[in-house]
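Engineer: I'm passing along my_file-v8.csv; it holds CSV, C-alpha atoms.
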```csv
chain,number,residue,atom,x,y,z
E,1,MET,CA,0.0,0.0,0.0
E,2,MET,CA,2.9,2.4,0.8
E,3,GLY,CA,4.5,1.6,-2.6
E,4,LEU,CA,1.2,2.3,-4.3
E,5,LEU,CA,0.9,5.6,-2.5
E,6,LEU,CA,4.4,6.6,-3.3
E,7,ARG,CA,3.9,5.8,-7.0
E,8,ARG,CA,0.8,8.0,-6.9
E,9,GLU,CA,2.7,10.9,-5.3
E,10,LEU,CA,5.5,10.6,-7.8
E,11,ARG,CA,3.2,10.4,-10.7
E,12,LEU,CA,1.3,13.5,-9.5
E,13,ALA,CA,4.7,15.3,-9.1
E,14,ALA,CA,5.7,14.3,-12.6
E,15,ARG,CA,2.6,15.9,-14.0
E,16,ARG,CA,3.6,19.2,-12.4
E,17,PRO,CA,7.2,19.5,-13.6
E,18,ILE,CA,7.3,23.2,-12.9
E,19,ASP,CA,6.6,22.7,-9.2
E,20,ALA,CA,9.7,20.4,-9.0
E,21,GLY,CA,11.8,22.9,-10.9
E,22,LEU,CA,10.9,26.0,-8.8
E,23,PRO,CA,12.9,25.2,-5.7
E,24,VAL,CA,16.0,24.6,-7.8
E,25,ALA,CA,15.5,27.8,-9.7
E,26,PHE,CA,15.1,29.6,-6.4
E,27,LEU,CA,18.3,28.1,-5.1
E,28,LEU,CA,20.3,29.0,-8.1
E,29,LEU,CA,19.0,32.6,-8.3
E,30,ALA,CA,19.4,33.3,-4.6
E,31,ALA,CA,22.9,31.8,-4.6
E,32,CYS,CA,23.8,34.3,-7.3
E,33,LEU,CA,22.6,37.2,-5.2
E,34,PHE,CA,25.1,36.6,-2.3
E,35,PRO,CA,28.3,37.5,-4.3
E,36,LEU,CA,26.5,40.6,-5.6
E,37,GLY,CA,25.5,41.7,-2.2
E,38,LEU,CA,28.6,40.8,-0.2
E,39,GLY,CA,31.3,41.3,-2.8
E,40,PRO,CA,33.0,38.8,-5.0
E,41,GLU,CA,36.1,38.1,-2.9
E,42,PRO,CA,37.0,34.4,-3.5
E,43,GLU,CA,38.2,33.6,0.0
E,44,GLN,CA,35.1,35.1,1.7
E,45,LEU,CA,32.8,33.3,-0.7
E,46,ARG,CA,34.5,30.0,-0.1
E,47,ARG,CA,34.1,30.4,3.6
E,48,MET,CA,30.4,31.4,3.4
E,49,ALA,CA,29.4,28.7,0.9
E,50,PRO,CA,28.3,25.9,3.3
E,51,GLY,CA,26.2,28.3,5.4
E,52,VAL,CA,24.6,29.9,2.3
E,53,MET,CA,23.8,26.5,0.8
E,54,TRP,CA,22.3,25.2,3.9
E,55,VAL,CA,20.1,28.2,4.5
E,56,LEU,CA,19.0,28.3,0.9
E,57,ALA,CA,18.3,24.5,0.9
E,58,LEU,CA,16.1,25.0,4.0
E,59,LEU,CA,14.2,27.9,2.5
E,60,ALA,CA,13.8,26.2,-0.9
E,61,SER,CA,12.4,23.1,0.6
E,62,LEU,CA,9.8,25.2,2.5
E,63,LEU,CA,8.5,26.7,-0.7
E,64,SER,CA,6.2,23.8,-1.7
E,65,LEU,CA,5.1,22.8,1.8
E,66,HIS,CA,1.8,24.4,1.8
E,67,SER,CA,0.4,22.4,-1.1
E,68,LEU,CA,1.5,19.1,0.5
E,69,TYR,CA,-1.8,18.3,2.1
E,70,ALA,CA,-3.9,21.3,1.1
E,71,SER,CA,-4.6,20.2,-2.4
E,72,ASP,CA,-5.6,16.7,-1.3
E,73,ALA,CA,-7.8,18.1,1.4
E,74,GLN,CA,-9.5,20.5,-1.0
E,75,ASP,CA,-10.4,17.9,-3.7
E,76,GLY,CA,-11.5,15.4,-1.1
E,77,SER,CA,-8.8,12.8,-1.8
E,78,LEU,CA,-7.4,13.2,1.7
E,79,ASP,CA,-10.6,11.7,3.0
E,80,GLN,CA,-10.2,8.7,0.7
E,81,LEU,CA,-6.5,8.3,1.7
E,82,LEU,CA,-7.4,8.2,5.4
E,83,LEU,CA,-10.4,6.0,5.3
E,84,PRO,CA,-10.0,3.0,7.6
E,85,PRO,CA,-8.1,0.6,7.6
E,86,HIS,CA,-5.5,3.0,6.2
E,87,SER,CA,-3.3,4.6,8.8
E,88,ALA,CA,-2.5,8.3,8.8
E,89,TRP,CA,1.1,7.8,9.9
E,90,ARG,CA,1.9,5.7,6.9
E,91,LEU,CA,0.4,8.4,4.7
E,92,ALA,CA,2.6,11.0,6.5
E,93,ALA,CA,5.7,8.9,6.1
E,94,VAL,CA,5.1,8.4,2.4
E,95,LYS,CA,4.3,12.1,1.9
E,96,ALA,CA,7.6,13.1,3.6
E,97,LEU,CA,9.5,10.6,1.4
E,98,ALA,CA,7.8,11.9,-1.7
E,99,HIS,CA,8.5,15.5,-0.7
E,100,TRP,CA,12.2,14.7,-0.2
E,101,LEU,CA,12.4,12.8,-3.5
E,102,THR,CA,10.7,15.5,-5.5
E,103,GLN,CA,11.8,18.7,-3.7
E,104,ALA,CA,15.0,18.1,-1.8
E,105,LEU,CA,16.8,15.6,-4.1
E,106,PRO,CA,16.9,18.1,-7.0
E,107,LEU,CA,18.4,20.7,-4.6
E,108,LEU,CA,21.0,18.2,-3.6
E,109,LEU,CA,21.9,17.5,-7.3
E,110,ALA,CA,22.2,21.2,-7.9
E,111,THR,CA,24.6,21.8,-5.0
E,112,PRO,CA,27.8,20.8,-6.8
E,113,LEU,CA,27.2,23.4,-9.4
E,114,LEU,CA,26.8,26.1,-6.7
E,115,GLY,CA,29.9,24.7,-4.9
E,116,LEU,CA,31.9,25.2,-8.1
E,117,MET,CA,30.5,28.7,-8.4
E,118,TYR,CA,31.6,29.6,-4.9
E,119,GLY,CA,35.0,27.9,-5.5
E,120,MET,CA,34.7,25.2,-2.9
E,121,GLN,CA,37.3,22.4,-2.8
E,122,ALA,CA,36.2,18.9,-3.6
E,123,ASP,CA,36.5,17.4,-0.1
E,124,ARG,CA,34.5,20.3,1.4
E,125,LEU,CA,31.9,20.0,-1.3
E,126,GLY,CA,31.6,16.3,-0.7
E,127,LEU,CA,31.1,16.8,3.0
E,128,LEU,CA,28.5,19.5,2.4
E,129,MET,CA,26.6,17.1,0.1
E,130,LEU,CA,26.8,14.3,2.8
E,131,SER,CA,25.5,16.7,5.5
E,132,LEU,CA,22.7,17.8,3.2
E,133,LEU,CA,21.9,14.2,2.4
E,134,LEU,CA,21.6,13.4,6.1
E,135,GLY,CA,19.9,16.7,7.0
E,136,THR,CA,17.3,17.4,4.3
E,137,PRO,CA,15.1,14.3,5.1
E,138,THR,CA,14.7,15.7,8.6
E,139,LEU,CA,13.6,19.0,7.1
E,140,SER,CA,11.1,17.2,4.9
E,141,LEU,CA,9.7,15.3,7.9
E,142,LEU,CA,9.5,18.5,9.9
E,143,GLY,CA,7.9,20.4,7.0
E,144,ASN,CA,5.3,17.6,6.7
E,145,LEU,CA,4.3,18.1,10.3
E,146,ALA,CA,4.0,21.9,9.8
E,147,ALA,CA,1.9,21.4,6.7
E,148,ALA,CA,-0.5,19.1,8.5
E,149,LEU,CA,-0.7,21.5,11.5
E,150,THR,CA,-1.6,24.4,9.3
E,151,LEU,CA,-4.0,22.5,7.1
E,152,GLY,CA,-7.2,24.5,6.6
E,153,LEU,CA,-5.8,27.7,8.1
E,154,ARG,CA,-6.1,30.8,6.0
E,155,ASN,CA,-2.5,32.0,6.2
E,156,GLY,CA,-1.0,28.5,6.4
E,157,ALA,CA,1.9,29.2,4.1
E,158,LEU,CA,3.4,31.8,6.4
E,159,LEU,CA,2.7,29.8,9.5
E,160,ASN,CA,4.6,26.9,8.0
E,161,LEU,CA,7.7,29.1,7.9
E,162,LEU,CA,7.3,30.2,11.5
E,163,ILE,CA,6.8,26.6,12.7
E,164,VAL,CA,9.6,25.1,10.7
E,165,LEU,CA,12.4,27.7,10.9
E,166,PRO,CA,13.0,27.5,14.7
E,167,LEU,CA,12.7,23.7,14.7
E,168,ALA,CA,15.2,23.4,11.9
E,169,VAL,CA,17.9,25.2,13.8
E,170,PRO,CA,19.7,22.1,15.2
E,171,THR,CA,19.8,20.5,11.8
E,172,LEU,CA,21.2,23.7,10.3
E,173,ILE,CA,23.9,24.1,13.0
E,174,PHE,CA,25.2,20.6,12.7
E,175,GLY,CA,25.0,20.6,8.9
E,176,CYS,CA,27.0,23.8,8.6
E,177,GLY,CA,29.2,22.8,11.5
E,178,ALA,CA,30.5,19.7,9.8
E,179,VAL,CA,32.0,21.6,6.9
E,180,GLY,CA,33.2,24.3,9.4
E,181,ALA,CA,35.0,21.6,11.4
E,182,LEU,CA,36.7,20.2,8.4
E,183,GLU,CA,37.8,23.8,7.5
E,184,ALA,CA,39.3,24.2,10.9
E,185,GLY,CA,41.1,20.8,10.8
E,186,LEU,CA,38.8,19.3,13.5
E,187,PRO,CA,37.1,16.0,13.5
E,188,PHE,CA,33.7,16.3,11.9
E,189,ASP,CA,32.2,12.9,12.4
E,190,GLY,CA,30.4,14.1,15.6
E,191,HIS,CA,28.4,16.5,13.5
E,192,LEU,CA,27.4,13.8,11.1
E,193,SER,CA,26.4,11.5,13.9
E,194,LEU,CA,24.2,14.2,15.4
E,195,LEU,CA,22.6,14.8,12.0
E,196,THR,CA,21.9,11.1,11.8
E,197,ALA,CA,20.5,11.1,15.3
E,198,LEU,CA,18.2,14.0,14.4
E,199,LEU,CA,17.1,12.1,11.4
E,200,ILE,CA,16.3,8.9,13.3
E,201,GLY,CA,14.5,10.9,16.0
E,202,GLY,CA,12.5,12.7,13.3
E,203,LEU,CA,11.6,9.4,11.6
E,204,LEU,CA,10.3,8.0,14.9
E,205,ALA,CA,8.4,11.1,16.1
E,206,PHE,CA,7.3,13.3,13.1
E,207,PRO,CA,5.1,10.8,11.2
E,208,LEU,CA,3.1,10.0,14.3
E,209,ALA,CA,2.8,13.7,15.2
E,210,THR,CA,1.7,14.5,11.6
E,211,ALA,CA,-0.9,11.7,11.8
E,212,ALA,CA,-2.4,13.3,14.9
E,213,ALA,CA,-2.4,16.7,13.3
E,214,LEU,CA,-4.2,15.3,10.2
E,215,ARG,CA,-6.8,13.7,12.4
E,216,ILE,CA,-7.4,17.0,14.1
E,217,ALA,CA,-7.5,18.9,10.8
E,218,LEU,CA,-10.1,16.6,9.4
E,219,ILE,CA,-12.7,17.1,12.1
S,1,MET,CA,-30.5,-12.7,12.0
S,2,ALA,CA,-27.0,-11.9,10.6
S,3,ALA,CA,-24.9,-9.3,12.4
S,4,PRO,CA,-25.3,-5.8,11.0
S,5,LEU,CA,-22.6,-4.7,8.5
S,6,LEU,CA,-22.3,-1.4,10.4
S,7,GLU,CA,-23.5,-0.6,13.9
S,8,ALA,CA,-23.4,2.6,15.9
S,9,LYS,CA,-24.3,2.7,19.6
S,10,ALA,CA,-25.2,5.7,21.6
S,11,LEU,CA,-23.4,8.1,19.3
S,12,CYS,CA,-23.0,11.7,20.4
S,13,CYS,CA,-21.3,14.3,18.1
S,14,GLU,CA,-20.6,17.9,18.7
S,15,ARG,CA,-19.7,20.7,16.4
S,16,GLY,CA,-18.1,23.7,18.0
S,17,GLN,CA,-19.4,23.2,21.6
S,18,SER,CA,-23.0,22.5,20.6
S,19,ALA,CA,-24.3,18.9,20.4
S,20,LEU,CA,-25.5,17.9,16.9
S,21,PHE,CA,-27.1,14.7,18.0
S,22,GLN,CA,-27.1,12.6,21.1
S,23,ASN,CA,-27.6,9.0,21.8
S,24,LEU,CA,-28.0,8.0,18.2
S,25,SER,CA,-28.0,4.3,17.5
S,26,LEU,CA,-28.3,2.7,14.1
S,27,SER,CA,-27.5,-0.5,12.4
S,28,LEU,CA,-27.2,-1.2,8.7
S,29,ARG,CA,-27.9,-4.8,7.7
S,30,ALA,CA,-27.3,-6.6,4.4
S,31,GLY,CA,-29.9,-5.3,1.9
S,32,ASP,CA,-30.6,-2.1,3.8
S,33,CYS,CA,-31.0,1.1,1.9
S,34,VAL,CA,-31.5,4.1,4.2
S,35,TRP,CA,-32.2,7.7,3.4
S,36,LEU,CA,-30.7,10.0,6.0
S,37,ARG,CA,-32.9,13.1,6.2
S,38,GLY,CA,-32.5,16.3,8.1
S,39,ALA,CA,-32.4,20.0,7.8
S,40,ASN,CA,-29.2,21.9,6.7
S,41,GLY,CA,-26.6,21.8,9.5
S,42,CYS,CA,-28.3,19.1,11.6
S,43,GLY,CA,-25.2,16.8,11.3
S,44,LYS,CA,-25.8,14.5,8.4
S,45,THR,CA,-22.3,14.9,7.0
S,46,THR,CA,-20.8,14.7,10.5
S,47,LEU,CA,-22.7,11.5,11.1
S,48,LEU,CA,-21.5,10.0,7.9
S,49,ARG,CA,-17.9,11.0,8.5
S,50,THR,CA,-18.1,9.5,12.0
S,51,LEU,CA,-19.5,6.3,10.7
S,52,ALA,CA,-16.8,6.2,8.1
S,53,GLY,CA,-14.1,6.6,10.7
S,54,LEU,CA,-12.8,10.0,9.5
S,55,ARG,CA,-13.6,11.6,12.8
S,56,VAL,CA,-14.0,10.3,16.3
S,57,ALA,CA,-17.4,10.5,18.1
S,58,GLU,CA,-17.4,12.4,21.3
S,59,GLN,CA,-19.2,9.5,22.9
S,60,GLY,CA,-20.4,6.1,21.7
S,61,GLN,CA,-18.9,3.6,19.4
S,62,VAL,CA,-19.0,2.4,15.8
S,63,GLN,CA,-18.5,-1.2,14.8
S,64,ARG,CA,-17.6,-1.9,11.2
S,65,ARG,CA,-17.9,-5.5,10.1
S,66,ALA,CA,-17.8,-4.9,6.3
S,67,ALA,CA,-15.6,-2.9,4.0
S,68,LEU,CA,-16.7,0.7,3.7
S,69,ARG,CA,-17.0,2.9,0.7
S,70,TYR,CA,-17.4,6.6,1.5
S,71,ILE,CA,-18.1,9.3,-1.1
S,72,GLY,CA,-18.2,12.8,0.3
S,73,HIS,CA,-19.2,16.2,-1.0
S,74,ALA,CA,-15.9,16.5,-2.7
S,75,ASN,CA,-15.2,14.0,-5.5
S,76,GLY,CA,-11.6,13.1,-4.5
S,77,LEU,CA,-10.4,13.3,-8.1
S,78,LYS,CA,-7.0,14.6,-8.9
S,79,ASP,CA,-6.8,17.1,-11.7
S,80,GLU,CA,-3.5,15.7,-12.9
S,81,LEU,CA,-4.7,12.2,-13.4
S,82,ASP,CA,-7.0,10.9,-16.2
S,83,LEU,CA,-10.2,9.0,-15.2
S,84,LEU,CA,-8.7,5.6,-15.8
S,85,GLU,CA,-5.6,6.3,-13.6
S,86,GLY,CA,-7.8,7.8,-10.9
S,87,LEU,CA,-10.1,4.9,-10.8
S,88,ARG,CA,-7.3,2.4,-10.9
S,89,PHE,CA,-5.7,4.0,-7.8
S,90,ALA,CA,-9.1,4.2,-6.0
S,91,ALA,CA,-9.7,0.5,-6.7
S,92,LEU,CA,-6.2,-0.6,-5.6
S,93,TRP,CA,-6.4,1.7,-2.5
S,94,ALA,CA,-9.8,0.2,-1.5
S,95,GLY,CA,-8.7,-3.3,-2.3
S,96,LEU,CA,-11.2,-3.8,-5.1
S,97,PRO,CA,-10.5,-5.6,-8.4
S,98,ALA,CA,-8.4,-3.3,-10.6
S,99,ASP,CA,-7.9,-5.3,-13.8
S,100,GLU,CA,-8.6,-3.5,-17.0
S,101,ALA,CA,-11.8,-5.3,-17.7
S,102,SER,CA,-13.3,-4.3,-14.3
S,103,LEU,CA,-12.2,-0.7,-14.6
S,104,SER,CA,-13.5,-0.4,-18.1
S,105,SER,CA,-16.9,-1.8,-17.2
S,106,ALA,CA,-17.2,0.4,-14.2
S,107,LEU,CA,-16.5,3.5,-16.3
S,108,ALA,CA,-18.8,2.2,-19.0
S,109,TYR,CA,-21.6,1.8,-16.5
S,110,PHE,CA,-21.5,5.5,-15.9
S,111,GLU,CA,-21.0,6.1,-19.7
S,112,LEU,CA,-17.5,7.5,-19.1
S,113,LEU,CA,-15.6,5.1,-21.3
S,114,PRO,CA,-15.0,7.6,-24.1
S,115,LEU,CA,-13.6,10.1,-21.5
S,116,ARG,CA,-11.3,7.6,-19.8
S,117,ARG,CA,-8.1,9.4,-21.1
S,118,ARG,CA,-9.5,12.8,-20.2
S,119,SER,CA,-8.0,14.4,-17.1
S,120,ALA,CA,-10.5,15.4,-14.4
S,121,ARG,CA,-9.6,19.1,-14.9
S,122,ASN,CA,-11.4,19.0,-18.3
S,123,LEU,CA,-14.7,17.5,-17.1
S,124,SER,CA,-18.0,19.1,-16.2
S,125,GLN,CA,-19.3,19.0,-12.6
S,126,GLY,CA,-21.7,16.2,-13.4
S,127,GLN,CA,-19.0,14.1,-15.2
S,128,ARG,CA,-16.8,14.5,-12.2
S,129,ARG,CA,-19.5,13.3,-10.0
S,130,ARG,CA,-20.0,10.3,-12.2
S,131,ALA,CA,-16.3,9.6,-12.2
S,132,ALA,CA,-16.2,9.6,-8.4
S,133,LEU,CA,-19.2,7.3,-8.3
S,134,ALA,CA,-17.6,4.9,-10.8
S,135,ALA,CA,-15.7,3.3,-8.0
S,136,LEU,CA,-19.1,2.0,-6.8
S,137,ALA,CA,-19.6,0.2,-10.0
S,138,LEU,CA,-16.6,-2.1,-9.4
S,139,PRO,CA,-17.5,-5.6,-8.1
S,140,GLN,CA,-18.0,-5.3,-4.3
S,141,ALA,CA,-20.9,-7.4,-3.1
S,142,GLY,CA,-21.6,-7.0,0.6
S,143,HIS,CA,-19.8,-3.8,1.2
S,144,CYS,CA,-21.3,-0.9,3.1
S,145,TRP,CA,-21.7,2.4,1.3
S,146,LEU,CA,-21.9,5.8,2.9
S,147,LEU,CA,-22.8,8.4,0.3
S,148,ASP,CA,-23.0,12.1,1.1
S,149,GLU,CA,-25.3,13.8,-1.4
S,150,PRO,CA,-24.5,11.3,-4.2
S,151,PHE,CA,-27.2,12.7,-6.5
S,152,ASP,CA,-25.7,16.2,-6.6
S,153,ALA,CA,-24.9,17.5,-10.0
S,154,LEU,CA,-26.1,14.4,-11.8
S,155,ASP,CA,-28.4,14.6,-14.8
S,156,GLU,CA,-31.5,12.5,-15.2
S,157,ARG,CA,-29.6,9.7,-16.9
S,158,GLY,CA,-26.9,9.7,-14.2
S,159,LEU,CA,-29.6,9.7,-11.5
S,160,ALA,CA,-31.2,6.6,-13.1
S,161,LEU,CA,-27.9,4.8,-13.4
S,162,LEU,CA,-27.0,5.5,-9.7
S,163,ILE,CA,-30.4,4.4,-8.5
S,164,GLY,CA,-30.1,1.2,-10.5
S,165,LEU,CA,-26.6,0.6,-9.0
S,166,ILE,CA,-27.9,1.2,-5.4
S,167,GLN,CA,-30.8,-1.1,-5.9
S,168,SER,CA,-28.6,-3.9,-7.3
S,169,HIS,CA,-26.0,-3.4,-4.5
S,170,ALA,CA,-28.7,-3.7,-1.9
S,171,ALA,CA,-30.1,-6.8,-3.6
S,172,SER,CA,-26.7,-8.4,-3.6
S,173,GLY,CA,-26.3,-8.1,0.1
S,174,GLY,CA,-24.7,-4.7,0.5
S,175,ALA,CA,-26.0,-1.8,2.6
S,176,ILE,CA,-26.3,1.9,1.7
S,177,LEU,CA,-26.8,5.0,3.8
S,178,PHE,CA,-27.2,8.1,1.8
S,179,THR,CA,-28.2,11.7,2.2
S,180,SER,CA,-30.2,13.7,-0.2
S,181,HIS,CA,-32.1,17.0,0.1
S,182,GLN,CA,-34.6,16.0,-2.5
S,183,PRO,CA,-36.7,12.8,-2.4
S,184,VAL,CA,-35.3,10.4,-4.9
S,185,PRO,CA,-38.1,9.0,-7.0
S,186,GLY,CA,-37.9,5.3,-7.8
S,187,LEU,CA,-35.7,4.4,-4.9
S,188,ALA,CA,-37.4,2.5,-2.2
S,189,ALA,CA,-35.5,3.4,1.0
S,190,GLN,CA,-36.1,3.4,4.7
S,191,THR,CA,-35.9,6.9,6.2
S,192,LEU,CA,-33.8,8.0,9.1
S,193,GLN,CA,-34.8,11.5,10.3
S,194,LEU,CA,-31.8,13.0,12.0
S,195,ASP,CA,-33.3,16.1,13.7
S,196,GLY,CA,-35.8,13.8,15.4
S,197,VAL,CA,-33.2,12.6,17.8
S,198,LEU,CA,-32.2,16.1,19.1
S,199,PRO,CA,-33.3,16.6,22.7
```
Would it be possible to restate this file's structure as structure tokens?
Structural biologist:
Amino acid sequence: MMGLLLRRELRLAARRPIDAGLPVAFLLLAACLFPLGLGPEPEQLRRMAPGVMWVLALLASLLSLHSLYASDAQDGSLDQLLLPPHSAWRLAAVKALAHWLTQALPLLLATPLLGLMYGMQADRLGLLMLSLLLGTPTLSLLGNLAAALTLGLRNGALLNLLIVLPLAVPTLIFGCGAVGALEAGLPFDGHLSLLTALLIGGLLAFPLATAAALRIALI
Amino acid sequence: MAAPLLEAKALCCERGQSALFQNLSLSLRAGDCVWLRGANGCGKTTLLRTLAGLRVAEQGQVQRRAALRYIGHANGLKDELDLLEGLRFAALWAGLPADEASLSSALAYFELLPLRRRSARNLSQGQRRRAALAALALPQAGHCWLLDEPFDALDERGLALLIGLIQSHAASGGAILFTSHQPVPGLAAQTLQLDGVLP
């Protein structure tokens, strides 16, 4: 059943290719603004690159959150998806996975391009990608919860941001910190372990919380 | 007598602090076809959603012994999918037969076969309603149907088709609970008046 649902989500995403391209376009454009605003000094850009990428990846993955459940709720398919015996937490888990595959993975694939643009060295770029690979699923799970909490609210899109941004801080700190530690010649595996721990904790907690939020929203 | 397909005992539901209905008990047995009546806002949709398991009753319990099919106000069609894809997913999701022959004959029953490759976006309101109802035309003897205003937006032909489907479903051992603002001519149904149970 979960495979069936995932195929449906991916098929729906494939029918809306522009939606999948928008976060990447946002990432590329916003990343071009930083050198314009802060000056094109290579050393400074190289130092800032991990932080810029992480913040932009966070913001870009938030762009599409609002429609995650809202469109399904509007056309009535959310009711069908939640009819017994189907469980809401499985739906939440699949939605988060689909969100990561369609929204975060393209960002991840665009990162090397931006890394080159900012003059990052290969080892730092590799570590940045690894930290994004471990961190973005947590952001997708978190965003999923926010989307379910704000389902049916009038200014849900803005509330999503306000819910997700503070809760994403740990992921952001350890994600950027990994590359910073490598830069400073310090061991960075602790940061990666903490990112993984956040991901595991998120996998255990967020789908259940999302399921509870969906049940409340449907009443 | 066989156990009811769906049974609700001492159901109480509230909507924004005020009670919609209290101590409502009902049972749907094989062959039952019940018209749920009541004024606007008296809780028909809330009752159907509670019976379907989409919301939890404030008090009381619901026992479901048969598979449920719930069709709400909204049709549950995705604009991005064509009718055949949408119906195939609905059938697989509900555990109904999803082979091409069953899907085609369900679409054909509601005269949608020529539109099967059309996406839901390009359909009229009545055609969308028919597409949502097409899942009922898949083989599913003995299931329990909860239909919220199923006759909305249907033309005369669609009305006749749906009435025929409901009658044959009841005859084959299923149960139907539906709401409708207008009496449905030609459909013999028991009546459940909802506002009668208000204190």
Engineer: Quick one: distance from CA of Leu26 in chain S to CA of Leu162 in chain S in Å, one decimal?
Structural biologist: 24.0 Å
Engineer: Between CA of Leu130 in chain E and CA of Leu192 in chain E, what distance in Å does the model show, to one decimal?
Structural biologist: 8.3 Å
Engineer: Which residues are near Ala91 in chain S? Cut-off 12 Å, only C-alpha atoms, ignore same chain within fewer than 5 positions. Put them as an mmCIF file with C-alpha atoms, in the coordinates of the input.
Structural biologist:
```cif
data_model
loop_
_atom_site.group_PDB
_atom_site.id
_atom_site.type_symbol
_atom_site.label_atom_id
_atom_site.label_comp_id
_atom_site.auth_asym_id
_atom_site.auth_seq_id
_atom_site.Cartn_x
_atom_site.Cartn_y
_atom_site.Cartn_z
ATOM 1 C CA MET E 1 0.000 0.000 0.000
ATOM 2 C CA LEU E 4 1.200 2.300 -4.300
ATOM 3 C CA GLN E 80 -10.200 8.700 0.700
ATOM 4 C CA LEU E 81 -6.500 8.300 1.700
ATOM 5 C CA ARG S 69 -17.000 2.900 0.700
ATOM 6 C CA LEU S 84 -8.700 5.600 -15.800
ATOM 7 C CA GLU S 85 -5.600 6.300 -13.600
ATOM 8 C CA GLY S 86 -7.800 7.800 -10.900
ATOM 9 C CA LEU S 96 -11.200 -3.800 -5.100
ATOM 10 C CA PRO S 97 -10.500 -5.600 -8.400
ATOM 11 C CA ALA S 98 -8.400 -3.300 -10.600
ATOM 12 C CA ASP S 99 -7.900 -5.300 -13.800
ATOM 13 C CA GLU S 100 -8.600 -3.500 -17.000
ATOM 14 C CA SER S 102 -13.300 -4.300 -14.300
ATOM 15 C CA LEU S 103 -12.200 -0.700 -14.600
ATOM 16 C CA ALA S 106 -17.200 0.400 -14.200
ATOM 17 C CA ALA S 132 -16.200 9.600 -8.400
ATOM 18 C CA LEU S 133 -19.200 7.300 -8.300
ATOM 19 C CA ALA S 134 -17.600 4.900 -10.800
ATOM 20 C CA ALA S 135 -15.700 3.300 -8.000
ATOM 21 C CA LEU S 136 -19.100 2.000 -6.800
ATOM 22 C CA ALA S 137 -19.600 0.200 -10.000
ATOM 23 C CA LEU S 138 -16.600 -2.100 -9.400
ATOM 24 C CA PRO S 139 -17.500 -5.600 -8.100
ATOM 25 C CA GLN S 140 -18.000 -5.300 -4.300
#
```
Engineer: Pick from S:Val62, S:Ala19, S:Leu92, S:Ala170: nearest to chain E, with only C-alpha atoms counted?
Structural biologist: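 Using only C-alpha atoms, the shortest distance to chain E belongs to S:Leu92.
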Engineer: Quick check: residues of chain E within 10 Å of chain S, all atoms listed in the file, returned as a PyMOL selection string.
Structural biologist: chain E and resi 1-2+4-5+7-8+11-16+71-86+215-219
Engineer: In Å to one decimal, how far is CA of Leu194 in chain E from CA of Ala98 in chain E?
Structural biologist: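 These atoms are spaced 23.8 Å apart.
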